[in-house]
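*Asks:* So here's structure.cif (mmCIF, C-alpha atoms).
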```cif
data_entry
loop_
_atom_site.label_atom_id
_atom_site.label_comp_id
_atom_site.auth_asym_id
_atom_site.auth_seq_id
_atom_site.Cartn_x
_atom_site.Cartn_y
_atom_site.Cartn_z
CA MET W 13 150.10 161.63 181.52
CA SER W 14 153.86 161.63 181.10
CA GLU W 15 155.75 161.69 177.88
CA PHE W 16 158.72 159.39 177.50
CA ARG W 17 161.86 159.93 175.48
CA GLU W 18 163.53 156.84 174.02
CA LYS W 19 167.29 156.47 174.07
CA THR W 20 169.37 154.01 172.12
CA VAL W 21 172.11 152.11 173.93
CA SER W 22 174.62 150.59 171.61
CA SER W 23 177.98 148.89 171.49
CA PRO W 24 180.31 150.42 168.90
CA ASP W 25 181.90 147.02 168.31
CA VAL W 26 178.83 145.17 167.26
CA GLY W 27 176.04 147.58 166.52
CA GLU W 28 173.61 145.95 168.94
CA HIS W 29 170.96 148.45 169.91
CA LYS W 30 168.72 148.36 172.92
CA THR W 31 166.06 150.91 173.76
CA ALA W 32 165.78 152.30 177.25
CA ARG W 33 163.33 154.78 178.65
CA ALA W 34 164.79 157.89 180.21
CA ASP W 35 163.29 159.86 183.05
CA PRO W 36 159.67 160.76 182.41
CA VAL W 37 158.80 164.40 181.91
CA ARG W 38 156.64 165.25 184.90
CA THR W 39 153.37 166.87 183.88
CA GLY W 40 151.36 166.31 187.06
CA PRO W 41 151.69 165.62 190.76
CA LEU W 42 152.83 162.00 190.09
CA SER W 43 155.30 160.81 187.52
CA GLU W 44 154.39 157.78 185.43
CA ALA W 45 157.41 156.03 186.91
CA LYS W 46 155.81 156.27 190.33
CA LEU W 47 152.43 155.17 189.05
CA LEU W 48 153.98 152.06 187.52
CA GLY W 49 156.10 151.39 190.58
CA ARG W 50 159.31 151.40 188.56
CA ARG W 51 162.68 152.71 189.65
CA THR W 52 163.85 155.06 186.91
CA PRO W 53 167.57 155.87 186.85
CA PRO W 54 168.94 159.33 186.22
CA VAL W 55 169.54 160.30 182.64
CA ALA W 56 173.29 160.31 183.17
CA ALA W 57 173.25 156.51 183.66
CA VAL W 58 172.43 156.02 179.99
CA PRO W 59 175.39 156.34 177.59
CA ALA W 60 175.12 158.73 174.68
CA PRO W 61 173.89 157.13 171.46
CA ALA W 62 176.56 155.88 169.09
CA PRO W 63 176.42 156.39 165.33
CA ALA W 64 174.12 153.99 163.53
CA ALA W 65 175.86 150.73 162.68
CA GLN W 66 175.56 148.59 159.60
CA PRO W 67 172.65 146.14 159.52
CA PHE W 68 173.31 143.13 161.74
CA GLY W 69 176.68 144.52 162.75
CA GLY W 70 178.52 144.01 159.47
CA TYR W 71 180.13 140.77 158.37
CA GLN W 72 183.48 141.71 159.88
CA SER W 73 182.02 142.04 163.37
CA LEU W 74 180.27 138.69 162.93
CA ALA W 75 183.43 136.82 161.93
CA GLY W 76 184.18 135.34 165.34
CA LEU W 77 180.64 134.18 165.94
CA LEU W 78 180.19 132.67 162.48
CA PHE W 79 183.55 130.89 162.58
CA SER W 80 182.71 129.40 165.99
CA TYR W 81 179.26 128.45 164.75
CA ALA W 82 180.75 126.67 161.73
CA LEU W 83 183.09 124.58 163.91
CA LEU W 84 180.26 123.74 166.26
CA ILE W 85 177.93 122.65 163.47
CA ALA W 86 180.62 120.63 161.67
CA GLY W 87 181.14 118.68 164.88
CA ASN W 88 177.43 118.23 165.44
CA GLY W 89 176.89 117.09 161.85
CA LEU W 90 179.48 114.37 162.30
CA PHE W 91 178.03 113.48 165.71
CA GLN W 92 174.45 113.20 164.39
CA THR W 93 175.45 110.71 161.68
CA LEU W 94 178.02 108.84 163.74
CA ILE W 95 175.57 107.94 166.52
CA PRO W 96 173.07 105.82 164.51
CA LEU W 97 175.93 104.08 162.67
CA ARG W 98 177.63 103.24 165.97
CA MET W 99 174.35 101.94 167.41
CA LEU W 100 173.62 99.81 164.34
CA HIS W 101 177.15 98.39 164.61
CA THR W 102 176.38 97.24 168.15
CA GLY W 103 173.20 95.50 166.94
CA ALA W 104 170.63 98.00 168.23
CA PRO W 105 167.22 97.71 166.48
CA THR W 106 165.86 100.57 164.38
CA VAL W 107 163.25 101.52 166.98
CA VAL W 108 165.91 101.91 169.69
CA VAL W 109 167.99 104.09 167.36
CA GLY W 110 164.96 106.31 166.75
CA LEU W 111 164.13 106.58 170.45
CA VAL W 112 167.70 107.46 171.44
CA GLN W 113 167.86 110.08 168.69
CA SER W 114 164.55 111.52 169.88
CA CYS W 115 166.12 112.13 173.29
CA TYR W 116 168.26 114.85 171.68
CA TYR W 117 165.08 116.81 171.04
CA GLY W 118 163.79 115.96 174.50
CA GLY W 119 166.83 117.86 175.75
CA TYR W 120 165.97 120.59 173.26
CA LEU W 121 162.54 120.84 174.84
CA ALA W 122 163.91 121.05 178.38
CA GLY W 123 166.61 123.51 177.33
CA ALA W 124 164.11 125.80 175.64
CA VAL W 125 162.21 125.99 178.94
CA PHE W 126 165.17 126.60 181.26
CA ASN W 127 167.87 128.28 179.15
CA ARG W 128 166.03 131.48 178.32
CA ARG W 129 166.42 132.93 181.81
CA LEU W 130 170.06 131.85 181.89
CA ILE W 131 170.78 133.84 178.73
CA ASP W 132 168.95 136.87 180.12
CA ARG W 133 171.05 136.63 183.28
CA ILE W 134 174.60 135.96 182.02
CA GLY W 135 174.46 137.10 178.40
CA GLN W 136 174.91 135.38 175.04
CA HIS W 137 178.71 135.28 175.12
CA ARG W 138 179.13 133.28 178.32
CA THR W 139 176.17 131.05 177.45
CA PHE W 140 177.84 130.06 174.18
CA VAL W 141 181.17 129.27 175.83
CA ALA W 142 179.64 127.24 178.66
CA PHE W 143 177.43 125.07 176.47
CA ALA W 144 180.11 124.49 173.82
CA ALA W 145 182.36 123.12 176.56
CA ALA W 146 179.52 120.93 177.86
CA ALA W 147 178.91 119.54 174.36
CA ALA W 148 182.60 118.57 174.08
CA ILE W 149 182.39 116.62 177.34
CA LEU W 150 179.22 114.82 176.23
CA ALA W 151 180.71 113.81 172.87
CA SER W 152 183.59 112.13 174.68
CA ALA W 153 181.18 110.45 177.10
CA PHE W 154 179.20 108.80 174.28
CA ASN W 155 182.22 106.66 173.45
CA VAL W 156 182.68 105.57 177.08
CA PHE W 157 179.26 103.96 177.55
CA ALA W 158 177.68 101.14 175.55
CA SER W 159 174.07 100.93 176.70
CA PRO W 160 170.92 102.54 175.26
CA PRO W 161 169.89 104.21 178.57
CA ALA W 162 173.29 105.90 178.88
CA TRP W 163 173.22 106.94 175.23
CA ALA W 164 169.72 108.34 175.70
CA ALA W 165 170.86 110.42 178.68
CA ILE W 166 173.85 111.76 176.74
CA ARG W 167 171.68 112.69 173.76
CA PHE W 168 169.22 114.44 176.10
CA LEU W 169 171.98 116.53 177.68
CA THR W 170 173.49 117.29 174.26
CA GLY W 171 170.13 118.64 173.09
CA PHE W 172 169.88 120.74 176.26
CA ALA W 173 173.28 122.29 175.50
CA PHE W 174 172.59 122.93 171.83
CA VAL W 175 169.30 124.70 172.34
CA GLY W 176 171.16 127.12 174.62
CA LEU W 177 173.72 127.69 171.89
CA TYR W 178 171.10 128.23 169.19
CA THR W 179 168.95 130.53 171.33
CA SER W 180 171.90 132.77 172.15
CA ILE W 181 172.89 133.02 168.48
CA GLU W 182 169.43 133.44 166.97
CA SER W 183 168.20 135.98 169.52
CA TRP W 184 171.18 138.17 168.67
CA LEU W 185 170.70 137.82 164.91
CA ASN W 186 167.02 138.68 165.17
CA GLY W 187 167.75 141.61 167.46
CA THR W 188 170.21 143.18 165.04
CA SER W 189 168.41 142.61 161.73
CA ARG W 190 165.49 144.48 160.19
CA ASN W 191 162.35 143.22 158.49
CA GLU W 192 163.75 144.29 155.10
CA ASN W 193 166.88 142.13 155.41
CA ARG W 194 165.97 139.44 157.93
CA GLY W 195 165.49 136.82 155.23
CA GLN W 196 168.99 137.49 153.89
CA VAL W 197 170.51 137.34 157.38
CA PHE W 198 168.93 133.99 158.10
CA GLY W 199 169.75 132.80 154.60
CA LEU W 200 173.43 133.43 155.36
CA TYR W 201 173.06 131.78 158.77
CA ALA W 202 171.42 128.72 157.23
CA ALA W 203 173.99 128.55 154.42
CA ILE W 204 176.83 128.42 156.95
CA ASN W 205 174.90 125.77 158.86
CA TYR W 206 174.57 123.45 155.86
CA LEU W 207 178.10 124.06 154.62
CA ALA W 208 179.44 123.11 158.05
CA VAL W 209 177.15 120.16 158.70
CA GLY W 210 177.76 118.82 155.20
CA SER W 211 181.51 119.15 155.58
CA GLY W 212 181.25 117.25 158.85
CA GLN W 213 179.88 114.22 157.02
CA PHE W 214 183.13 113.75 155.10
CA LEU W 215 184.97 113.38 158.40
CA LEU W 216 183.41 109.91 158.70
CA ARG W 217 186.13 108.77 156.30
CA LEU W 218 188.85 109.54 158.85
CA GLY W 219 188.12 106.54 161.07
CA ASP W 220 186.05 103.46 161.72
CA THR W 221 182.64 104.01 163.31
CA ALA W 222 183.39 101.05 165.62
CA ASP W 223 186.27 102.79 167.41
CA GLY W 224 186.36 105.98 169.44
CA ARG W 225 188.59 108.23 167.38
CA LEU W 226 185.74 109.97 165.59
CA PHE W 227 184.04 110.80 168.89
CA SER W 228 187.29 112.42 170.03
CA LEU W 229 187.28 114.46 166.82
CA VAL W 230 183.72 115.62 167.55
CA ALA W 231 184.76 116.69 171.05
CA ALA W 232 187.75 118.56 169.63
CA LEU W 233 185.56 120.51 167.19
CA PHE W 234 183.15 121.48 169.97
CA ALA W 235 186.04 122.66 172.15
CA ALA W 236 187.63 124.57 169.25
CA ALA W 237 184.36 126.48 168.73
CA VAL W 238 185.05 128.36 171.96
CA MET W 239 188.20 129.97 170.59
CA PRO W 240 187.05 132.29 167.76
CA VAL W 241 184.09 133.72 169.64
CA SER W 242 186.33 134.39 172.64
CA LEU W 243 189.28 135.88 170.73
CA PHE W 244 187.57 137.85 167.93
CA GLU W 245 185.71 141.10 168.47
CA GLY W 246 182.07 141.39 167.63
CA TRP W 247 179.93 139.75 170.31
CA PRO W 248 177.24 142.08 171.68
CA VAL W 249 178.09 143.69 175.00
CA ARG W 250 175.43 143.46 177.66
CA VAL W 251 173.96 146.73 178.80
CA LYS W 252 173.94 147.16 182.57
CA ASP W 253 170.58 146.34 184.08
CA GLU W 254 170.37 149.66 185.88
CA SER W 255 170.53 151.45 182.52
CA LEU W 256 167.23 149.93 181.43
CA ASP W 257 163.71 149.83 182.77
CA ARG W 258 162.64 146.43 183.95
CA LEU W 259 160.07 144.83 181.65
CA PRO W 260 157.55 142.36 183.05
CA ALA W 261 158.35 138.70 182.46
CA HIS W 262 156.91 137.23 179.26
CA SER W 263 155.61 133.77 180.13
CA TRP W 264 155.46 130.78 177.78
CA ARG W 265 151.70 131.14 177.59
CA ASP W 266 152.08 134.81 176.67
CA SER W 267 154.67 133.95 174.02
CA LEU W 268 152.51 131.24 172.45
CA ARG W 269 149.43 133.45 172.51
CA SER W 270 151.33 136.34 170.92
CA MET W 271 152.81 134.11 168.23
CA ALA W 272 149.47 132.49 167.42
CA HIS W 273 147.91 135.93 167.11
CA ALA W 274 150.77 137.25 164.97
CA SER W 275 150.65 134.27 162.59
CA PRO W 276 148.62 131.04 162.59
CA LEU W 277 151.60 129.43 160.84
CA ALA W 278 154.01 129.86 163.77
CA ILE W 279 153.04 126.97 166.05
CA PRO W 280 152.19 124.19 163.53
CA GLY W 281 154.96 125.34 161.19
CA CYS W 282 157.73 125.05 163.79
CA ILE W 283 156.51 121.66 165.03
CA LEU W 284 156.29 120.25 161.50
CA ALA W 285 159.71 121.70 160.65
CA GLY W 286 160.97 119.79 163.68
CA PHE W 287 159.47 116.61 162.20
CA LEU W 288 161.14 117.09 158.83
CA TYR W 289 164.56 118.24 160.02
CA SER W 290 164.98 115.74 162.84
CA THR W 291 164.00 112.70 160.80
CA PHE W 292 166.49 113.62 158.10
CA TYR W 293 169.43 113.87 160.49
CA SER W 294 168.38 110.97 162.71
CA MET W 295 166.90 108.40 160.36
CA THR W 296 168.32 109.06 156.88
CA PRO W 297 171.55 107.19 157.76
CA VAL W 298 169.37 104.22 158.75
CA PHE W 299 167.36 104.51 155.51
CA LEU W 300 170.54 104.57 153.42
CA SER W 301 172.12 101.70 155.34
CA ARG W 302 169.00 99.57 154.94
CA THR W 303 168.81 100.29 151.20
CA GLY W 304 172.37 99.11 150.49
CA PHE W 305 174.65 102.13 150.90
CA SER W 306 178.10 101.42 152.36
CA THR W 307 179.51 103.65 155.13
CA SER W 308 181.80 105.37 152.60
CA ASP W 309 178.95 105.98 150.16
CA LEU W 310 176.71 107.12 153.01
CA SER W 311 179.33 109.64 154.17
CA THR W 312 179.64 111.08 150.66
CA PHE W 313 175.89 111.15 150.17
CA MET W 314 175.13 112.97 153.43
CA GLY W 315 177.95 115.46 152.86
CA VAL W 316 176.92 116.30 149.31
CA ALA W 317 173.24 116.53 150.24
CA LEU W 318 173.80 118.88 153.16
CA ILE W 319 176.29 121.08 151.32
CA GLY W 320 173.78 121.20 148.46
CA ALA W 321 171.20 122.46 150.94
CA LEU W 322 173.13 125.69 151.41
CA ILE W 323 172.79 126.74 147.74
CA PRO W 324 169.17 127.97 147.92
CA GLN W 325 169.41 129.52 151.40
CA TRP W 326 170.50 133.07 150.58
CA PRO W 327 168.51 133.33 147.29
CA MET W 328 165.41 132.04 149.09
CA GLY W 329 165.98 134.49 151.94
CA ARG W 330 166.34 137.37 149.49
CA LEU W 331 163.22 136.26 147.65
CA SER W 332 161.30 136.05 150.92
CA ASP W 333 162.12 139.70 151.64
CA ARG W 334 160.10 140.57 148.52
CA ILE W 335 157.36 137.91 148.48
CA ASP W 336 155.07 136.85 151.32
CA ARG W 337 157.04 134.25 153.27
CA ARG W 338 153.90 132.16 153.83
CA LYS W 339 153.49 131.65 150.09
CA LEU W 340 157.04 130.33 149.90
CA VAL W 341 156.43 127.95 152.81
CA ARG W 342 153.33 126.60 151.06
CA ALA W 343 155.20 126.13 147.77
CA THR W 344 158.26 124.45 149.28
CA ALA W 345 156.13 122.15 151.43
CA SER W 346 154.14 121.01 148.39
CA ILE W 347 157.36 120.21 146.52
CA SER W 348 158.75 118.37 149.56
CA MET W 349 155.64 116.20 149.70
CA SER W 350 155.94 115.24 146.02
CA ILE W 351 159.62 114.34 146.33
CA SER W 352 159.01 112.33 149.51
CA LEU W 353 156.35 110.22 147.79
CA THR W 354 158.79 109.53 144.96
CA LEU W 355 161.53 108.44 147.38
CA ALA W 356 159.08 106.24 149.26
CA VAL W 357 158.41 104.25 146.09
CA PHE W 358 161.75 104.20 144.26
CA HIS W 359 165.00 103.10 145.93
CA VAL W 360 167.21 103.01 142.83
CA SER W 361 170.55 104.66 143.66
CA ALA W 362 170.32 107.34 140.95
CA ILE W 363 166.77 108.32 141.97
CA VAL W 364 167.73 108.43 145.65
CA TRP W 365 170.69 110.70 144.86
CA VAL W 366 168.74 113.15 142.71
CA GLY W 367 165.59 113.01 144.81
CA MET W 368 167.39 113.54 148.12
CA LEU W 369 169.40 116.47 146.80
CA ALA W 370 166.20 118.13 145.62
CA TYR W 371 164.45 117.27 148.90
CA VAL W 372 167.02 118.90 151.18
CA ALA W 373 167.40 121.93 148.91
CA VAL W 374 163.67 122.65 149.20
CA THR W 375 162.80 121.38 152.67
CA PHE W 376 165.68 122.94 154.54
CA THR W 377 164.61 126.49 153.69
CA GLN W 378 161.35 126.19 155.61
CA TYR W 379 162.41 126.80 159.20
CA SER W 380 164.29 130.00 158.29
CA LEU W 381 161.24 131.25 156.40
CA ILE W 382 158.98 130.57 159.38
CA VAL W 383 161.37 132.16 161.89
CA SER W 384 161.74 135.26 159.71
CA HIS W 385 157.98 135.47 159.23
CA VAL W 386 157.32 135.32 162.99
CA ASN W 387 160.05 137.83 163.85
CA ASP W 388 158.64 140.27 161.33
CA ARG W 389 155.73 140.51 163.74
CA THR W 390 157.68 140.50 167.03
CA GLU W 391 158.47 143.48 169.25
CA PRO W 392 162.23 144.01 169.79
CA HIS W 393 162.19 143.45 173.57
CA LEU W 394 160.66 139.99 173.07
CA ARG W 395 163.41 138.61 170.78
CA VAL W 396 164.95 136.21 173.30
CA ALA W 397 161.54 134.97 174.47
CA VAL W 398 160.33 134.39 170.92
CA SER W 399 163.57 132.67 169.82
CA ALA W 400 163.32 130.33 172.79
CA THR W 401 159.64 129.63 172.08
CA LEU W 402 160.30 128.87 168.42
CA LEU W 403 163.02 126.42 169.41
CA LEU W 404 160.68 124.91 172.01
CA LEU W 405 158.10 124.20 169.32
CA PHE W 406 160.77 122.90 166.95
CA SER W 407 162.03 120.57 169.68
CA ILE W 408 158.54 119.15 170.24
CA GLY W 409 158.53 118.09 166.60
CA GLY W 410 162.11 116.87 166.85
CA LEU W 411 161.29 114.81 169.93
CA THR W 412 158.39 112.93 168.37
CA GLY W 413 159.42 112.83 164.70
CA PRO W 414 162.22 110.21 164.79
CA ALA W 415 160.21 107.96 167.11
CA ILE W 416 157.18 107.94 164.78
CA ALA W 417 159.32 107.57 161.66
CA SER W 418 161.26 104.65 163.19
CA LEU W 419 157.99 102.86 163.99
CA LEU W 420 156.82 103.28 160.40
CA MET W 421 160.18 102.03 159.14
CA THR W 422 159.84 98.96 161.36
CA VAL W 423 156.34 98.21 160.08
CA ILE W 424 156.66 98.96 156.34
CA GLY W 425 160.44 99.05 155.80
CA PRO W 426 162.80 101.90 154.87
CA SER W 427 160.04 103.58 152.82
CA GLY W 428 158.32 104.46 156.09
CA LEU W 429 160.69 107.40 156.53
CA PHE W 430 159.44 109.18 153.43
CA VAL W 431 155.82 108.22 154.00
CA PHE W 432 156.15 110.11 157.29
CA ASN W 433 157.91 113.03 155.59
CA ALA W 434 155.23 113.27 152.90
CA GLY W 435 152.49 113.48 155.53
CA SER W 436 154.40 116.13 157.49
CA ALA W 437 155.00 118.23 154.36
CA LEU W 438 151.30 118.03 153.45
CA LEU W 439 150.33 119.36 156.88
CA MET W 440 152.90 122.15 156.49
CA ALA W 441 151.40 123.22 153.16
CA LEU W 442 147.88 123.19 154.64
CA SER W 443 149.03 125.27 157.63
CA ALA W 444 150.64 127.87 155.37
CA ASN W 445 147.50 128.02 153.23
CA ARG W 446 145.36 128.57 156.34
CA ALA W 447 147.67 131.38 157.48
CA LEU W 448 147.39 133.03 154.06
CA ARG W 449 143.61 132.98 154.28
CA GLY W 450 143.87 134.95 157.52
CA LYS W 451 146.08 137.54 155.69
CA ARG W 452 147.66 139.15 158.75
#
```
Produce structure tokens that represent the structure in this file.

*Replies:*
Amino acid sequence: MSEFREKTVSSPDVGEHKTARADPVRTGPLSEAKLLGRRTPPVAAVPAPAPAAQPFGGYQSLAGLLFSYALLIAGNGLFQTLIPLRMLHTGAPTVVVGLVQSCYYGGYLAGAVFNRRLIDRIGQHRTFVAFAAAAAILASAFNVFASPPAWAAIRFLTGFAFVGLYTSIESWLNGTSRNENRGQVFGLYAAINYLAVGSGQFLLRLGDTADGRLFSLVAALFAAAVMPVSLFEGWPVRVKDESLDRLPAHSWRDSLRSMAHASPLAIPGCILAGFLYSTFYSMTPVFLSRTGFSTSDLSTFMGVALIGALIPQWPMGRLSDRIDRRKLVRATASISMSISLTLAVFHVSAIVWVGMLAYVAVTFTQYSLIVSHVNDRTEPHLRVAVSATLLLLFSIGGLTGPAIASLLMTVIGPSGLFVFNAGSALLMALSANRALRGKR
């Protein structure tokens, strides 16, 4: 049997490392390369290893990506809140708002299926640029049409674009972080997300939701996101295909089976996180509008709540590098359930303010904890496949969550949103507890 030497291929700009197998040492009449039917390149095709880089490339090398990501998320935060307000202004019923918003996660679902191979083929850099440009076009298109079917199609395509953006970013972050610091990396990533999406809420004050100026602002932010990632250094450089052995394709079934084996929390946790996250972005503006908040107050509330969500991200990530992440998911889900039940009963302005701030601070740490937990148990060459699968599961929850919540809100009033959230958080806590009993 042959012995294989591993070589590290790296980009000095970004510190992205990929492992390639060099020529096998022949110890018999047939090399292992021949037995496996693989074409193995000569050793000279593989560049010499570069010095070890800082974990996840160093903050300086990430500057372009993170700046672009912040612009993108600020625009999407404004877009997510602007859409239900615009639809309510046109007289659309709550159920229609929920269904249109669910189409965003329908696009997420489709994008998670189709975008993975695109990223493998053209690389993360070009994927980001292409989908950011597509999102800018779609934001402008939302203002052109005034019918629910057209809005639903635009939301679907927007979700398709954004899952491509998120997969390209997250697969790189997971590929360049280690188990010892992955929680901190994703804590920083999540903190930037909530700072940007919260800041985007304040942009509602710059125009009337009835006119199209705010949609033009959203499109401008999406287009601007292309600039930093294109002009700054730091995006990982693709290694030429001939420098690496071909690995067999990892199917969706394989990915799901591997994830379920690695952690029983992965599949239910991502779906339930999709429930909780999507209903907040999609239906909280409806809840606040129905309980007496003005557009100005709603803008301030959403901005403060989402910026407040960034505060626990890095501390929670650091804590999760020391404590079992499943225990933290169970604890945060239990707290989310208690707060949701409180908000379902009491609609006094002061209670809504305090309760919602506490709710987002706790609830919005859960997806990062689950992603970090799953990637702790993932082989490096499966990072893109696993990132796409996690987003696929998240999008399933995002697709169904707003629709179910909107039906409950129609039947029992605005409280239906937090009745749904309480049930979802309870299931999350039970799933984490079940995963802990397995103790893998």

*Asks:* For range 90-107 of chain W, please output as a list in words all residues within 7 Å (counting only C-alpha atoms; exclusion window: fewer than 2 positions along the same chain).

*Replies:*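 Returned residues: Ala86, Gly87, Asn88, Val109, Gly110, Leu111, Gly212, Gln213, Leu215, Leu216, Thr221, Ala222, Val230, Tyr293, Ser294, Pro297, Ser418, Leu419 and Thr422 of chain W.
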
*Asks:* Atoms to include: C-alpha atoms. Write the selected residues as a CSV table (one decimal), in the coordinates of the input.

*Replies:*
```csv
chain,number,residue,atom,x,y,z
W,86,ALA,CA,180.6,120.6,161.7
W,87,GLY,CA,181.1,118.7,164.9
W,88,ASN,CA,177.4,118.2,165.4
W,109,VAL,CA,168.0,104.1,167.4
W,110,GLY,CA,165.0,106.3,166.8
W,111,LEU,CA,164.1,106.6,170.4
W,212,GLY,CA,181.2,117.2,158.8
W,213,GLN,CA,179.9,114.2,157.0
W,215,LEU,CA,185.0,113.4,158.4
W,216,LEU,CA,183.4,109.9,158.7
W,221,THR,CA,182.6,104.0,163.3
W,222,ALA,CA,183.4,101.0,165.6
W,230,VAL,CA,183.7,115.6,167.6
W,293,TYR,CA,169.4,113.9,160.5
W,294,SER,CA,168.4,111.0,162.7
W,297,PRO,CA,171.6,107.2,157.8
W,418,SER,CA,161.3,104.6,163.2
W,419,LEU,CA,158.0,102.9,164.0
W,422,THR,CA,159.8,99.0,161.4
```

*Asks:* Expand the PyMOL selection byres ((chain W and resi 276) around 10) into the explicit residue set it covers here, and present it as a list in words.

*Replies:*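 Matching residues under the PyMOL selection byres ((chain W and resi 276) around 10) are Met271, Ala272, His273, Ala274, Ser275, Leu277, Ala278, Ile279, Pro280, Gly281, Val386, Ser443, Ala444, Asn445, Arg446, Ala447, Leu448, Arg449, Gly450, Lys451 and Arg452 of chain W.
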
*Asks:* Could you tell me which residues the PyMOL selection byres ((chain W and resi 130) around 12) returns for this structure, as a PyMOL selection string?

*Replies:* chain W and resi 123-129+131-140+142-143+173+175-177+179-180+396-397+400

*Asks:* In terms of the shortest atom-to-atom distance over only C-alpha atoms, which of W:Arg225, W:Ile149, W:Leu243, W:Leu284 is closest to Ser407 in chain W?

*Replies:*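 With only C-alpha atoms as the atom set, the closest residue is W:Leu284.
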
*Asks:* Please write as an MDAnalysis selection string the full residue list that the PyMOL selection byres ((chain W and resi 426) around 12) yields on this file.

*Replies:* chainID W and resid 106 295:304 355:359 417:425 427:432

*Asks:* Include C-alpha atoms and write out the residues we just selected as a compact mmCIF listing (two decimals), in the coordinates of the input.

*Replies:*
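The resulting again_4.txt:
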```
# COMPACT_ATOMS: atom_id res chain seq x y z
CA THR W 106 165.86 100.57 164.38
CA MET W 295 166.90 108.40 160.36
CA THR W 296 168.32 109.06 156.88
CA PRO W 297 171.55 107.19 157.76
CA VAL W 298 169.37 104.22 158.75
CA PHE W 299 167.36 104.51 155.51
CA LEU W 300 170.54 104.57 153.42
CA SER W 301 172.12 101.70 155.34
CA ARG W 302 169.00 99.57 154.94
CA THR W 303 168.81 100.29 151.20
CA GLY W 304 172.37 99.11 150.49
CA LEU W 355 161.53 108.44 147.38
CA ALA W 356 159.08 106.24 149.26
CA VAL W 357 158.41 104.25 146.09
CA PHE W 358 161.75 104.20 144.26
CA HIS W 359 165.00 103.10 145.93
CA ALA W 417 159.32 107.57 161.66
CA SER W 418 161.26 104.65 163.19
CA LEU W 419 157.99 102.86 163.99
CA LEU W 420 156.82 103.28 160.40
CA MET W 421 160.18 102.03 159.14
CA THR W 422 159.84 98.96 161.36
CA VAL W 423 156.34 98.21 160.08
CA ILE W 424 156.66 98.96 156.34
CA GLY W 425 160.44 99.05 155.80
CA SER W 427 160.04 103.58 152.82
CA GLY W 428 158.32 104.46 156.09
CA LEU W 429 160.69 107.40 156.53
CA PHE W 430 159.44 109.18 153.43
CA VAL W 431 155.82 108.22 154.00
CA PHE W 432 156.15 110.11 157.29
```

*Asks:* Under the rule that all atoms listed in the file are counted, which of W:Ile181, W:Leu353, W:Ala153, W:Leu403 is the nearest residue to Leu121 in chain W?

*Replies:*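 Closest candidate: W:Leu403.
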
*Asks:* Excluding range 164-167 of chain W and its own-chain neighbours fewer than 3 positions away, which residues fall within 10 Å of it when counting all atoms listed in the file? Please give them as a list of chain:residue names.

*Replies:* W:Gln92, W:Ile95, W:Val108, W:Val109, W:Leu111, W:Val112, W:Gln113, W:Ser114, W:Cys115, W:Tyr116, W:Tyr117, W:Gly118, W:Gly119, W:Tyr120, W:Ala147, W:Ile149, W:Leu150, W:Ala151, W:Ser152, W:Ala153, W:Phe154, W:Phe157, W:Ser159, W:Pro160, W:Pro161, W:Thr170, W:Gly171, W:Phe172, W:Ala173

*Asks:* Which one is closest to Pro240 in chain W: W:Val141, W:Ala146, W:Leu322, W:Leu340? Count all atoms listed in the file.

*Replies:*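 Using all atoms listed in the file, the shortest distance to Pro240 in chain W belongs to W:Val141.
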
*Asks:* Go through W:Phe406, W:Phe79, W:Phe376, W:Phe198 and flag the residue nearest Met239 in chain W, using all atoms listed in the file for the distances.

*Replies:*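 Checking each candidate against Met239 in chain W, we get W:Phe79 as the closest.
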
*Asks:* Rounded to one decimal, what separation in Å do you get between CA of Ala415 in chain W and CA of Leu381 in chain W?

*Replies:*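 Interatomic distance here is 25.7 Å.
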
*Asks:* Looking at W:Ser228, W:Ala162, W:Gly435, W:Ile85, which one is nearest to Leu318 in chain W, with distances taken over all atoms listed in the file?

*Replies:* W:Ile85

*Asks:* Which residue gives the smallest distance to Leu288 in chain W among W:Ser380, W:Ser242, W:Ser348, W:Thr354, with all atoms listed in the file counted?

*Replies:* W:Ser348

*Asks:* Work out how far apart CA of Val366 in chain W and CA of Val316 in chain W are and give it in Å to one decimal.

*Replies:*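 Here the two named atoms are 11.0 Å from each other.
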
*Asks:* For CA of Ile283 in chain W and CA of Ala437 in chain W, quote the distance in Å rounded to one decimal.

*Replies:*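 Distance reported for this atom pair: 11.3 Å.
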
*Asks:* Give me, as a CSV table (one decimal) with C-alpha atoms, in the frame of the given file, all polymer residues having an atom no more than 7 Å from Ala235 in chain W, counting all atoms listed in the file and skipping those fewer than 6 positions away in the same chain.

*Replies:*
```csv
chain,number,residue,atom,x,y,z
W,144,ALA,CA,180.1,124.5,173.8
W,145,ALA,CA,182.4,123.1,176.6
W,148,ALA,CA,182.6,118.6,174.1
```

*Asks:* If we count all atoms listed in the file and set the cut-off at 7 Å, which residues sit around Phe214 in chain W, ignoring sequence neighbours fewer than 2 positions away in its own chain? Please answer as a ChimeraX atom specification.

*Replies:* /W:211-212,216-217,311-312,315
